[in-house]
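Quick look at model_22.cif (mmCIF, C-alpha atoms):
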data_input
loop_
_atom_site.label_atom_id
_atom_site.label_comp_id
_atom_site.auth_asym_id
_atom_site.auth_seq_id
_atom_site.Cartn_x
_atom_site.Cartn_y
_atom_site.Cartn_z
CA MET A 1 -11.23 -8.55 -8.43
CA THR A 2 -9.83 -7.85 -4.95
CA LEU A 3 -11.27 -5.07 -2.78
CA THR A 4 -8.13 -2.96 -3.12
CA ALA A 5 -8.15 -3.42 -6.91
CA ARG A 6 -11.78 -2.33 -7.10
CA ILE A 7 -11.08 0.80 -5.11
CA LEU A 8 -8.00 1.59 -7.16
CA LEU A 9 -10.09 1.22 -10.34
CA ALA A 10 -12.55 3.73 -8.92
CA THR A 11 -9.62 6.05 -8.16
CA THR A 12 -8.44 5.85 -11.77
CA LEU A 13 -11.92 6.71 -13.04
CA LEU A 14 -12.09 9.58 -10.57
CA ALA A 15 -8.95 11.16 -12.03
CA SER A 16 -10.84 11.84 -15.27
CA PRO A 17 -11.93 15.52 -15.46
CA ALA A 18 -15.34 14.35 -16.68
CA VAL A 19 -16.10 12.70 -13.33
CA ALA A 20 -17.45 15.15 -10.74
CA VAL A 21 -17.98 12.71 -7.88
CA THR A 22 -16.82 9.25 -6.93
CA PRO A 23 -18.29 7.00 -9.67
CA ASP A 24 -20.61 4.03 -9.23
CA ILE A 25 -21.65 4.75 -5.64
CA GLU A 26 -23.25 1.53 -4.42
CA LYS A 27 -25.16 3.15 -1.54
CA ASP A 28 -25.68 6.89 -1.54
CA GLU A 29 -28.01 7.26 1.47
CA LEU A 30 -26.16 6.53 4.68
CA THR A 31 -26.74 6.76 8.43
CA LEU A 32 -23.59 7.27 10.51
CA GLY A 33 -23.37 7.17 14.30
CA PHE A 34 -21.43 9.27 16.78
CA ILE A 35 -21.10 10.06 20.48
CA LYS A 36 -21.46 13.66 21.69
CA LEU A 37 -17.77 14.55 21.84
CA THR A 38 -15.83 17.27 20.03
CA ASP A 39 -13.70 14.71 18.21
CA MET A 40 -16.73 13.69 16.13
CA ALA A 41 -15.98 16.97 14.30
CA PRO A 42 -14.86 15.43 10.96
CA LEU A 43 -18.34 13.94 10.54
CA ALA A 44 -20.14 17.18 11.34
CA ILE A 45 -17.84 19.23 9.12
CA ALA A 46 -18.07 16.77 6.19
CA LYS A 47 -21.83 17.19 6.37
CA GLU A 48 -22.11 20.92 7.05
CA LYS A 49 -19.44 21.98 4.52
CA GLY A 50 -20.95 19.78 1.80
CA PHE A 51 -18.06 17.34 1.45
CA PHE A 52 -20.34 14.30 1.67
CA GLU A 53 -22.72 15.67 -0.95
CA GLU A 54 -19.84 16.55 -3.29
CA GLU A 55 -18.99 12.85 -3.25
CA GLY A 56 -22.59 11.91 -4.08
CA LEU A 57 -23.46 10.86 -0.52
CA TYR A 58 -26.55 11.84 1.44
CA VAL A 59 -25.67 11.33 5.07
CA THR A 60 -27.73 11.38 8.25
CA LEU A 61 -25.69 11.75 11.44
CA GLU A 62 -27.27 10.14 14.48
CA ALA A 63 -26.10 10.53 18.09
CA GLN A 64 -25.88 7.27 20.07
CA SER A 65 -26.43 6.80 23.80
CA ASN A 66 -23.17 4.96 24.51
CA TRP A 67 -20.26 3.19 22.84
CA LYS A 68 -21.69 -0.33 23.17
CA VAL A 69 -24.96 0.62 21.50
CA LEU A 70 -23.02 2.36 18.73
CA LEU A 71 -20.81 -0.65 18.04
CA ASP A 72 -23.68 -3.14 18.20
CA ARG A 73 -25.70 -1.09 15.71
CA VAL A 74 -22.80 -0.92 13.25
CA ILE A 75 -22.23 -4.67 13.45
CA ALA A 76 -25.98 -5.30 13.03
CA GLY A 77 -26.09 -3.06 9.96
CA GLU A 78 -28.42 -0.52 11.56
CA LEU A 79 -25.69 2.09 11.13
CA ASP A 80 -23.53 2.15 8.00
CA GLY A 81 -20.49 3.38 9.93
CA ALA A 82 -19.55 5.41 12.96
CA HIS A 83 -17.17 7.56 14.97
CA MET A 84 -15.51 4.90 17.13
CA LEU A 85 -13.04 4.50 19.92
CA ALA A 86 -9.79 3.39 18.30
CA GLY A 87 -9.84 0.22 20.39
CA GLN A 88 -13.36 -0.82 19.34
CA PRO A 89 -12.68 -2.27 15.86
CA ILE A 90 -9.66 -4.09 17.26
CA ALA A 91 -11.52 -5.55 20.24
CA ALA A 92 -14.49 -6.57 18.08
CA THR A 93 -12.19 -8.32 15.62
CA ILE A 94 -10.42 -10.38 18.32
CA GLY A 95 -13.74 -11.09 20.04
CA TYR A 96 -13.32 -9.07 23.22
CA GLY A 97 -16.87 -7.90 23.95
CA THR A 98 -19.18 -7.75 20.94
CA LYS A 99 -17.57 -9.77 18.15
CA GLY A 100 -17.58 -8.58 14.56
CA ALA A 101 -15.24 -7.86 11.67
CA VAL A 102 -14.85 -4.07 11.86
CA VAL A 103 -12.22 -2.14 9.89
CA THR A 104 -11.05 1.44 9.58
CA PRO A 105 -9.64 3.34 6.59
CA PHE A 106 -9.42 6.63 8.51
CA SER A 107 -8.07 7.82 11.87
CA MET A 108 -10.22 10.71 13.08
CA ASP A 109 -7.86 12.62 15.35
CA LEU A 110 -4.95 12.78 17.76
CA ASN A 111 -5.14 13.73 21.46
CA GLY A 112 -8.34 15.31 22.82
CA ASN A 113 -8.69 13.73 26.29
CA ALA A 114 -7.90 14.68 29.87
CA ILE A 115 -8.15 13.33 33.41
CA THR A 116 -10.26 15.34 35.86
CA VAL A 117 -10.56 14.96 39.64
CA SER A 118 -13.13 16.31 42.07
CA ASN A 119 -12.49 19.56 43.91
CA ALA A 120 -11.94 17.62 47.15
CA VAL A 121 -9.30 15.39 45.56
CA TRP A 122 -7.63 18.39 43.92
CA GLN A 123 -7.41 20.23 47.25
CA ALA A 124 -5.77 17.14 48.77
CA MET A 125 -3.28 16.87 45.90
CA LYS A 126 -2.45 20.52 45.42
CA PRO A 127 -0.27 21.31 48.49
CA ALA A 128 2.36 18.76 47.47
CA LEU A 129 2.61 19.84 43.83
CA PRO A 130 5.71 21.68 42.59
CA LEU A 131 4.99 25.22 41.39
CA GLY A 132 6.13 26.96 38.25
CA ALA A 133 7.65 30.45 38.06
CA ASP A 134 4.13 31.88 37.87
CA GLY A 135 3.19 30.29 41.20
CA LYS A 136 0.77 27.86 39.55
CA PRO A 137 1.12 24.05 39.62
CA ALA A 138 3.79 22.81 37.22
CA HIS A 139 2.53 20.53 34.46
CA PRO A 140 2.48 17.69 33.62
CA ILE A 141 1.24 16.41 36.97
CA SER A 142 2.35 12.89 37.87
CA ALA A 143 -0.09 10.39 39.31
CA ALA A 144 2.44 10.04 42.14
CA ALA A 145 0.75 13.17 43.56
CA LEU A 146 -2.50 11.22 43.72
CA LYS A 147 -1.02 8.22 45.51
CA PRO A 148 -1.17 9.63 49.09
CA VAL A 149 -4.78 10.68 48.50
CA ILE A 150 -5.72 7.14 47.46
CA GLU A 151 -3.87 5.76 50.49
CA ALA A 152 -5.77 8.13 52.77
CA TYR A 153 -9.07 6.90 51.31
CA ALA A 154 -7.97 3.30 51.92
CA ASN A 155 -7.00 4.08 55.53
CA ASP A 156 -10.51 5.47 56.04
CA GLY A 157 -12.03 2.32 54.49
CA LYS A 158 -13.28 4.19 51.42
CA PRO A 159 -12.84 3.06 47.81
CA PHE A 160 -11.33 5.51 45.34
CA ASN A 161 -13.61 5.45 42.30
CA LEU A 162 -12.64 6.58 38.81
CA GLY A 163 -14.68 6.70 35.62
CA MET A 164 -13.76 6.03 32.02
CA VAL A 165 -15.99 5.66 28.99
CA PHE A 166 -15.54 2.04 27.83
CA PRO A 167 -13.28 -0.93 28.64
CA VAL A 168 -11.41 -0.74 25.30
CA SER A 169 -11.31 3.07 25.11
CA THR A 170 -8.21 5.18 24.85
CA HIS A 171 -9.49 6.84 28.04
CA ASN A 172 -9.26 3.56 29.97
CA TYR A 173 -5.73 2.84 28.72
CA GLU A 174 -4.53 6.43 29.22
CA LEU A 175 -5.92 6.53 32.74
CA ARG A 176 -4.26 3.20 33.53
CA TYR A 177 -0.99 4.30 31.92
CA TRP A 178 -0.90 7.53 33.95
CA LEU A 179 -1.73 5.76 37.20
CA ALA A 180 0.86 3.01 36.63
CA ALA A 181 3.55 5.55 35.71
CA GLY A 182 2.93 7.13 39.12
CA GLY A 183 3.19 3.83 40.99
CA ILE A 184 -0.56 3.20 41.34
CA HIS A 185 -1.90 -0.21 40.28
CA PRO A 186 -5.08 0.33 38.22
CA GLY A 187 -6.23 -3.31 38.38
CA LEU A 188 -6.34 -6.28 36.03
CA TYR A 189 -8.91 -8.14 33.93
CA SER A 190 -9.22 -11.91 33.64
CA ALA A 191 -11.22 -14.41 31.63
CA ASP A 192 -13.79 -14.73 34.44
CA ASP A 193 -13.64 -11.20 35.88
CA VAL A 194 -14.06 -8.36 33.39
CA SER A 195 -14.38 -5.62 36.01
CA GLY A 196 -10.73 -4.63 35.50
CA GLN A 197 -10.39 -4.17 39.25
CA ILE A 198 -8.38 -7.27 40.25
CA GLY A 199 -5.57 -6.18 42.60
CA GLY A 200 -6.20 -2.51 41.89
CA ASP A 201 -5.44 0.40 44.21
CA VAL A 202 -8.45 2.14 42.65
CA LEU A 203 -11.81 1.06 41.24
CA ILE A 204 -12.24 2.01 37.58
CA SER A 205 -15.67 1.66 35.99
CA VAL A 206 -17.64 2.84 32.95
CA THR A 207 -19.59 6.11 32.80
CA PRO A 208 -20.95 7.48 29.47
CA PRO A 209 -19.14 10.71 28.47
CA PRO A 210 -22.01 13.22 28.79
CA GLN A 211 -22.83 11.86 32.26
CA MET A 212 -19.32 12.33 33.66
CA PRO A 213 -19.75 15.78 35.24
CA ALA A 214 -23.06 14.93 36.92
CA THR A 215 -21.66 11.65 38.25
CA LEU A 216 -18.64 13.50 39.64
CA GLU A 217 -20.85 16.17 41.20
CA ALA A 218 -22.99 13.48 42.84
CA GLY A 219 -19.89 11.99 44.47
CA THR A 220 -20.30 8.60 42.81
CA ILE A 221 -16.83 8.92 41.29
CA ASP A 222 -13.77 10.86 42.45
CA GLY A 223 -12.38 11.56 39.00
CA TYR A 224 -12.60 10.51 35.38
CA SER A 225 -10.87 10.20 32.03
CA VAL A 226 -12.91 11.52 29.10
CA GLY A 227 -12.80 13.55 25.90
CA GLU A 228 -14.01 17.09 25.46
CA PRO A 229 -16.09 18.99 26.26
CA TRP A 230 -16.66 17.04 29.47
CA ASN A 231 -13.43 18.01 31.26
CA GLN A 232 -13.93 21.71 30.54
CA ALA A 233 -17.56 21.30 31.58
CA ALA A 234 -16.37 20.32 35.07
CA VAL A 235 -14.33 23.52 35.25
CA ALA A 236 -17.25 25.62 34.01
CA LYS A 237 -19.57 24.04 36.60
CA GLY A 238 -16.98 24.48 39.36
CA ILE A 239 -17.07 20.81 40.32
CA GLY A 240 -13.65 19.49 39.26
CA VAL A 241 -10.15 20.20 37.98
CA PRO A 242 -8.41 18.54 35.01
CA VAL A 243 -4.94 17.48 36.18
CA ILE A 244 -3.39 16.23 32.93
CA THR A 245 -4.20 16.03 29.23
CA ASP A 246 -3.44 12.98 27.14
CA THR A 247 -0.91 14.99 25.15
CA ASP A 248 1.27 14.78 28.27
CA ILE A 249 0.56 11.08 28.78
CA TRP A 250 1.40 10.13 25.18
CA LYS A 251 2.16 12.99 22.81
CA ASN A 252 0.04 12.88 19.65
CA ASN A 253 -1.71 9.67 20.55
CA PRO A 254 -4.40 8.26 18.22
CA GLU A 255 -7.88 8.70 19.65
CA LYS A 256 -10.90 7.90 17.44
CA VAL A 257 -11.35 6.13 14.10
CA PHE A 258 -14.11 5.87 11.53
CA GLY A 259 -15.34 2.28 11.70
CA LEU A 260 -17.27 0.17 9.19
CA THR A 261 -17.89 -3.54 8.96
CA ALA A 262 -15.63 -5.47 6.61
CA GLU A 263 -18.82 -6.70 4.96
CA PHE A 264 -19.94 -3.13 4.20
CA VAL A 265 -16.54 -2.21 2.75
CA ASP A 266 -16.44 -5.33 0.59
CA ALA A 267 -19.97 -4.71 -0.75
CA ASN A 268 -19.52 -0.94 -1.15
CA PRO A 269 -15.94 -0.13 -2.17
CA ASN A 270 -16.82 3.07 -4.03
CA THR A 271 -19.02 4.28 -1.19
CA THR A 272 -16.13 3.60 1.21
CA LEU A 273 -13.81 5.55 -1.06
CA ALA A 274 -16.23 8.49 -1.17
CA LEU A 275 -16.69 8.48 2.62
CA THR A 276 -12.95 8.45 3.22
CA LYS A 277 -12.39 11.29 0.74
CA ALA A 278 -15.03 13.46 2.42
CA LEU A 279 -13.60 12.80 5.89
CA ILE A 280 -10.06 13.62 4.76
CA ARG A 281 -11.31 16.93 3.35
CA ALA A 282 -13.07 17.69 6.64
CA ALA A 283 -9.90 16.97 8.61
CA ILE A 284 -7.86 19.25 6.34
CA TRP A 285 -10.45 22.02 6.82
CA LEU A 286 -10.35 21.65 10.60
CA ASP A 287 -6.58 22.15 10.84
CA GLU A 288 -5.77 24.43 7.89
CA GLY A 289 -4.45 27.93 8.41
CA ASP A 290 -3.19 27.18 11.94
CA ASN A 291 -6.69 26.25 13.10
CA ALA A 292 -8.24 29.30 11.41
CA ASN A 293 -11.57 27.48 10.99
CA ARG A 294 -11.91 26.34 14.58
CA ALA A 295 -14.26 29.14 15.68
CA GLU A 296 -16.70 28.12 12.96
CA ALA A 297 -16.25 24.47 13.92
CA VAL A 298 -17.07 25.30 17.55
CA GLU A 299 -20.34 26.96 16.50
CA ILE A 300 -21.28 23.90 14.44
CA LEU A 301 -20.41 21.44 17.21
CA SER A 302 -22.36 23.41 19.81
CA ARG A 303 -25.61 22.74 17.93
CA ALA A 304 -28.02 20.36 19.64
CA GLU A 305 -27.81 17.77 16.85
CA TYR A 306 -24.05 17.40 17.37
CA VAL A 307 -22.32 17.86 20.74
CA GLY A 308 -24.92 20.22 22.14
CA ALA A 309 -22.67 21.86 24.73
CA ASP A 310 -22.06 25.54 25.33
CA ALA A 311 -19.84 27.02 22.60
CA ALA A 312 -17.57 28.70 25.17
CA VAL A 313 -16.91 25.33 26.84
CA ILE A 314 -16.16 23.61 23.53
CA GLY A 315 -13.99 26.53 22.47
CA ASN A 316 -11.80 26.24 25.57
CA SER A 317 -9.98 23.30 24.01
CA MET A 318 -10.91 23.41 20.30
CA THR A 319 -9.38 26.85 19.74
CA GLY A 320 -5.93 26.07 21.12
CA THR A 321 -6.12 26.57 24.88
CA PHE A 322 -7.01 24.41 27.86
CA GLU A 323 -8.27 25.49 31.28
CA TYR A 324 -7.13 23.51 34.32
CA GLU A 325 -8.05 25.05 37.67
CA ALA A 326 -10.56 27.87 37.14
CA GLY A 327 -8.65 30.81 35.66
CA ASP A 328 -5.55 28.72 34.87
CA THR A 329 -5.84 28.72 31.08
CA ARG A 330 -2.75 27.62 29.17
CA PRO A 331 -1.82 27.37 25.47
CA ALA A 332 -2.68 23.95 24.02
CA PRO A 333 -2.46 24.29 20.23
CA ASP A 334 -2.35 20.52 19.75
CA PHE A 335 -5.04 19.52 22.22
CA ASN A 336 -7.21 18.59 19.23
CA VAL A 337 -5.38 17.53 16.08
CA PHE A 338 -7.42 16.40 13.08
CA PHE A 339 -4.99 16.40 10.14
CA ARG A 340 -1.46 17.62 10.83
CA TYR A 341 1.22 15.14 11.90
CA ASN A 342 -0.35 12.66 9.44
CA ALA A 343 -3.16 12.30 11.98
CA THR A 344 -5.67 10.69 9.59
CA PHE A 345 -3.40 7.86 8.40
CA PRO A 346 -4.40 4.49 9.95
CA TYR A 347 -1.05 3.27 11.24
CA TYR A 348 -0.65 -0.40 12.11
CA SER A 349 1.51 0.67 15.06
CA ASP A 350 -1.45 2.54 16.55
CA ALA A 351 -3.51 -0.66 16.49
CA VAL A 352 -0.61 -2.62 17.99
CA TRP A 353 -0.34 -0.17 20.92
CA TYR A 354 -3.97 -0.82 21.84
CA LEU A 355 -3.35 -4.55 21.67
CA THR A 356 -0.32 -4.21 23.97
CA GLN A 357 -2.48 -2.45 26.56
CA MET A 358 -5.19 -5.11 26.27
CA ARG A 359 -2.52 -7.70 26.97
CA ARG A 360 -0.87 -5.63 29.72
CA TRP A 361 -4.08 -5.39 31.73
CA GLY A 362 -5.35 -8.92 31.06
CA GLN A 363 -8.06 -8.32 28.46
CA ILE A 364 -5.94 -10.52 26.20
CA THR A 365 -5.55 -13.37 28.67
CA GLU A 366 -2.55 -15.19 27.20
CA ALA A 367 0.75 -14.20 25.62
CA LYS A 368 0.82 -13.79 21.84
CA PRO A 369 3.83 -13.78 19.48
CA ASP A 370 4.86 -10.52 17.83
CA GLY A 371 3.53 -11.76 14.48
CA TRP A 372 0.03 -12.06 15.92
CA TYR A 373 0.01 -8.36 16.80
CA ASP A 374 1.07 -7.45 13.26
CA GLU A 375 -1.49 -9.72 11.61
CA THR A 376 -4.30 -8.47 13.84
CA ALA A 377 -3.44 -4.83 13.18
CA LYS A 378 -3.43 -5.44 9.42
CA SER A 379 -6.84 -7.13 9.57
CA VAL A 380 -8.38 -3.96 11.05
CA TYR A 381 -6.42 -0.89 9.90
CA LYS A 382 -6.55 -0.31 6.12
CA PRO A 383 -3.94 2.21 4.92
CA ASP A 384 -4.41 1.05 1.29
CA LEU A 385 -7.99 2.34 1.38
CA TYR A 386 -6.84 5.62 2.88
CA LYS A 387 -4.13 5.99 0.26
CA ALA A 388 -6.60 5.41 -2.57
CA ALA A 389 -8.88 8.15 -1.22
CA ALA A 390 -6.02 10.61 -0.70
CA GLU A 391 -4.63 9.97 -4.18
CA ALA A 392 -8.09 10.60 -5.64
CA LEU A 393 -8.24 13.97 -3.87
CA ILE A 394 -4.77 14.84 -5.16
CA ALA A 395 -5.82 13.91 -8.72
CA GLU A 396 -8.86 16.17 -8.40
CA GLY A 397 -6.84 19.09 -7.09
CA LYS A 398 -8.65 19.02 -3.74
CA ALA A 399 -5.46 18.18 -1.86
CA SER A 400 -1.73 18.23 -2.57
CA ALA A 401 0.76 15.38 -2.42
CA ASP A 402 2.92 17.19 0.14
CA GLN A 403 0.06 17.02 2.66
CA PHE A 404 0.39 13.24 2.99
CA ASP A 405 2.94 10.68 4.09
CA PHE A 406 1.93 7.27 2.74
CA ASP A 407 4.15 5.41 5.17
CA ALA A 408 5.61 2.41 3.37
CA ASP A 409 5.29 -0.18 6.13
CA GLY A 410 2.43 1.37 8.11
CA TYR A 411 4.46 1.72 11.32
CA ARG A 412 5.37 4.94 13.05
CA ALA A 413 8.99 5.41 14.11
CA PRO A 414 9.68 4.34 17.72
CA SER A 415 8.82 7.05 20.25
CA ALA A 416 9.55 7.71 23.91
CA GLU A 417 7.18 10.69 24.18
CA PHE A 418 5.26 9.12 27.06
CA ILE A 419 4.95 10.45 30.59
CA ASP A 420 7.22 7.67 31.89
CA GLY A 421 9.78 8.03 29.07
CA VAL A 422 9.40 4.37 28.02
CA SER A 423 10.04 3.88 24.29
CA TYR A 424 7.35 2.25 22.16
CA ASP A 425 8.28 0.32 18.99
CA GLY A 426 5.19 -1.18 17.35
CA THR A 427 7.27 -3.83 15.60
CA ARG A 428 8.40 -5.27 18.97
CA PRO A 429 5.21 -5.44 21.06
CA ASN A 430 6.31 -8.10 23.54
CA ALA A 431 9.55 -6.32 24.37
CA TYR A 432 7.50 -3.16 24.94
CA ILE A 433 5.01 -4.90 27.24
CA ASP A 434 7.85 -6.41 29.28
CA SER A 435 9.49 -2.97 29.66
CA LEU A 436 6.50 -1.48 31.48
CA SER A 437 6.66 -1.33 35.27
CA ILE A 438 3.15 -2.53 36.20
CA GLY A 439 1.00 -5.10 34.42
CA LEU A 440 1.27 -8.59 32.97
CA LYS A 441 4.52 -9.65 31.33
CA GLY A 442 5.71 -12.63 29.34
CA ALA A 443 3.50 -15.68 29.80
CA GLN A 444 1.76 -14.38 32.93
CA THR A 445 -2.00 -14.84 33.27
CA VAL A 446 -4.59 -13.97 35.91
CA ALA A 447 -6.41 -16.80 37.66
CA GLY A 448 -8.36 -16.76 40.92
CA GLY A 449 -7.59 -13.10 41.37
CA GLU A 450 -3.84 -13.70 41.30
CA ILE A 451 -1.07 -13.35 38.70
CA VAL A 452 0.16 -16.79 37.61
CA ASN A 453 3.64 -17.04 36.10
#
This entry written out as structure tokens:
Amino acid sequence: MTLTARILLATTLLASPAVAVTPDIEKDELTLGFIKLTDMAPLAIAKEKGFFEEEGLYVTLEAQSNWKVLLDRVIAGELDGAHMLAGQPIAATIGYGTKGAVVTPFSMDLNGNAITVSNAVWQAMKPALPLGADGKPAHPISAAALKPVIEAYANDGKPFNLGMVFPVSTHNYELRYWLAAGGIHPGLYSADDVSGQIGGDVLISVTPPPQMPATLEAGTIDGYSVGEPWNQAAVAKGIGVPVITDTDIWKNNPEKVFGLTAEFVDANPNTTLALTKALIRAAIWLDEGDNANRAEAVEILSRAEYVGADAAVIGNSMTGTFEYEAGDTRPAPDFNVFFRYNATFPYYSDAVWYLTQMRRWGQITEAKPDGWYDETAKSVYKPDLYKAAAEALIAEGKASADQFDFDADGYRAPSAEFIDGVSYDGTRPNAYIDSLSIGLKGAQTVAGGEIVN
């Protein structure tokens, strides 16, 4: 019996009124990993609101020191699953970094990141920024405003250093996208140089999320791209200013996923079903009633065992606002999205976008046909597993059919809601890559520090 058939059989059994939880759980005691970021919320809520236990699961949530350790422990079987960067299962599957067959049945959220610069950089940028009617800087802010600052650093013989959380993170690709859209080259990767700094106007390197503010304050980096609460923490500490959120770089972009090894899913289909059901319920809870539960979510996330940051800092973004320069707080109802806009559905087109950025910046060293992108996305993202879990919840009366869109082909409609206005169609990845202004195109590769046509 195929994996999908086994999960669908479990779904059928679950529809029986006599069944209280997902039947035939193969493994009911689980340890799941996460990084201390607010977008781990579905895991914390599934535990604290009892959604895991209602599915017959007894879950321990364990914070990890960084994304590499988290991924390695999932692949080694030390963790049963984890809150992951959306690019991690994809990169692991194609063998970029730690290799392993990792899949996802559940997308954890949309948006949730920002780019912050030091106070010194902000003061250098600010005079040239256009102002709104209220006399405050008009948003979104283009990276073009940063370009003269970077040039001034170069003229003084100083590098301009930026931090992001992991080479295959959304943060890395969003930072690079924003820079490139403003005419700044973020640098390339090659087979023999994985720094990502080849030919770059800036130097981008890895800093773990919780360490971002301290690293900025120490002057080691001049800015960073990270998730919350670490941008708002810079504002609270008076050491930096967020200049743009990822909603303005790519509206409603996919951010994190729940990752498991393919081996775990194959051996534990009913456990996977139960996990996905609990996480869907947590996502619904987080967004229902126009974010009515967010204040409670903030209190939960502020606990030491989860994010462990001040509740007021977490609440700045989680409750529908975002603070840029100190005192400049603006409405941001979609800064964190956990369920609406079909946020939890694992779209193939989301996976393809990450692959296009890996190719654009040289992490995928050679050109691939469009079919390769489709096949790779389908080997990692598992909408059939998601659909089985959602249909089980509908059958139980824990969700309604109108809350879901089981997209027939797994691809979002083309969108041009990017800061540069370029349209993205996940079914035509090579045409999309070639339409972007900076980065590799066609059959180009990087060798000896140079682009080779």
From CA of Phe258 (chain A) to CA of Ser205 (chain A) the spacing works out at 24.9 Å
Kindly assemble as a Markdown table a list of the region 128-189 of chain A residues that lie within 8 Å of region 426-450 of chain A, each paired with its nearest atom pair and their distance in Å to one decimal, using only C-alpha atoms, sorted first by chain and then by ascending residue number.
| residue | atom | partner | partner_atom | distance |
| --- | --- | --- | --- | --- |
| A:Ala180 | CA | A:Ile438 | CA | 6.0 |
| A:Ala181 | CA | A:Ser437 | CA | 7.6 |
| A:Gly183 | CA | A:Ile438 | CA | 8.0 |
| A:His185 | CA | A:Ile438 | CA | 6.9 |
| A:Leu188 | CA | A:Gly439 | CA | 7.6 |
| A:Tyr189 | CA | A:Val446 | CA | 7.5 |
Matched chain/residue IDs from the PyMOL selection byres ((chain A and resi 124-131) around 12), as number ranges by chain: A: 117-123, 132-153, 222, 241, 243, 325
How would you write, as a list of chain:residue names, the residues chosen by the PyMOL selection byres ((chain A and resi 399) around 12) on this structure?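 Listing what the PyMOL selection byres ((chain A and resi 399) around 12) selects in the shown file: A:Lys277, A:Ala278, A:Ile280, A:Arg281, A:Ala282, A:Ala283, A:Ile284, A:Trp285, A:Glu288, A:Ala389, A:Ala390, A:Glu391, A:Ala392, A:Leu393, A:Ile394, A:Ala395, A:Glu396, A:Gly397, A:Lys398, A:Ser400, A:Ala401, A:Asp402, A:Gln403, A:Phe404.
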Excluding same-chain residues fewer than 2 positions from Gly200 (chain A), what lies within 8 Å of it counting only C-alpha atoms, as a list in words? His185, Pro186, Gly187, Leu188, Gln197, Ile198, Val202 and Leu203 of chain A
Explicit residue set for the PyMOL selection byres ((chain A and resi 87) around 8), as an NGL selection string: :A and (85-86 or 88-91 or 168-170 or 351 or 354)
Residue nearest Met358 (chain A) among A:Gly327, A:Gly100, A:Pro167, A:Gly259 (counting all atoms listed in the file):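 With all atoms listed in the file as the atom set, the closest residue is A:Pro167.
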Who sits within 10 Å of Ile45 (chain A), only C-alpha atoms, same chain under 3 positions skipped, as a list in words: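 Surrounding residues, per the criterion: Met40, Ala41, Pro42, Glu48, Lys49, Gly50, Phe51, Phe52, Ala278, Leu279, Arg281, Ala282, Ala283, Trp285, Leu286, Glu296, Ala297, Ile300 and Leu301 of chain A.
Our summary of the geometry notes that CA of Asn453 (chain A) is positioned 17.7 Å from CA of Asp192 (chain A).
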In terms of the shortest atom-to-atom distance over all atoms listed in the file, which of A:Leu61, A:Val352, A:Ala377, A:Ala309 is closest to Asp425 (chain A)? A:Val352
Residue neighbourhood Thr104 (chain A), 12 Å, only C-alpha atoms, exclusion window fewer than 6 positions, as a PyMOL selection string: chain A and resi 81-90+93+256-262+264-265+272-273+275-276+344-348+350-351+377-386
Out of A:Ala46, A:Met164, A:Leu37, A:Leu175, which residue has the shortest atom-to-atom distance to Leu216 (chain A) when counting all atoms listed in the file?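 Of A:Ala46, A:Met164, A:Leu37, A:Leu175, the one nearest Leu216 (chain A) is A:Met164, counting all atoms listed in the file.
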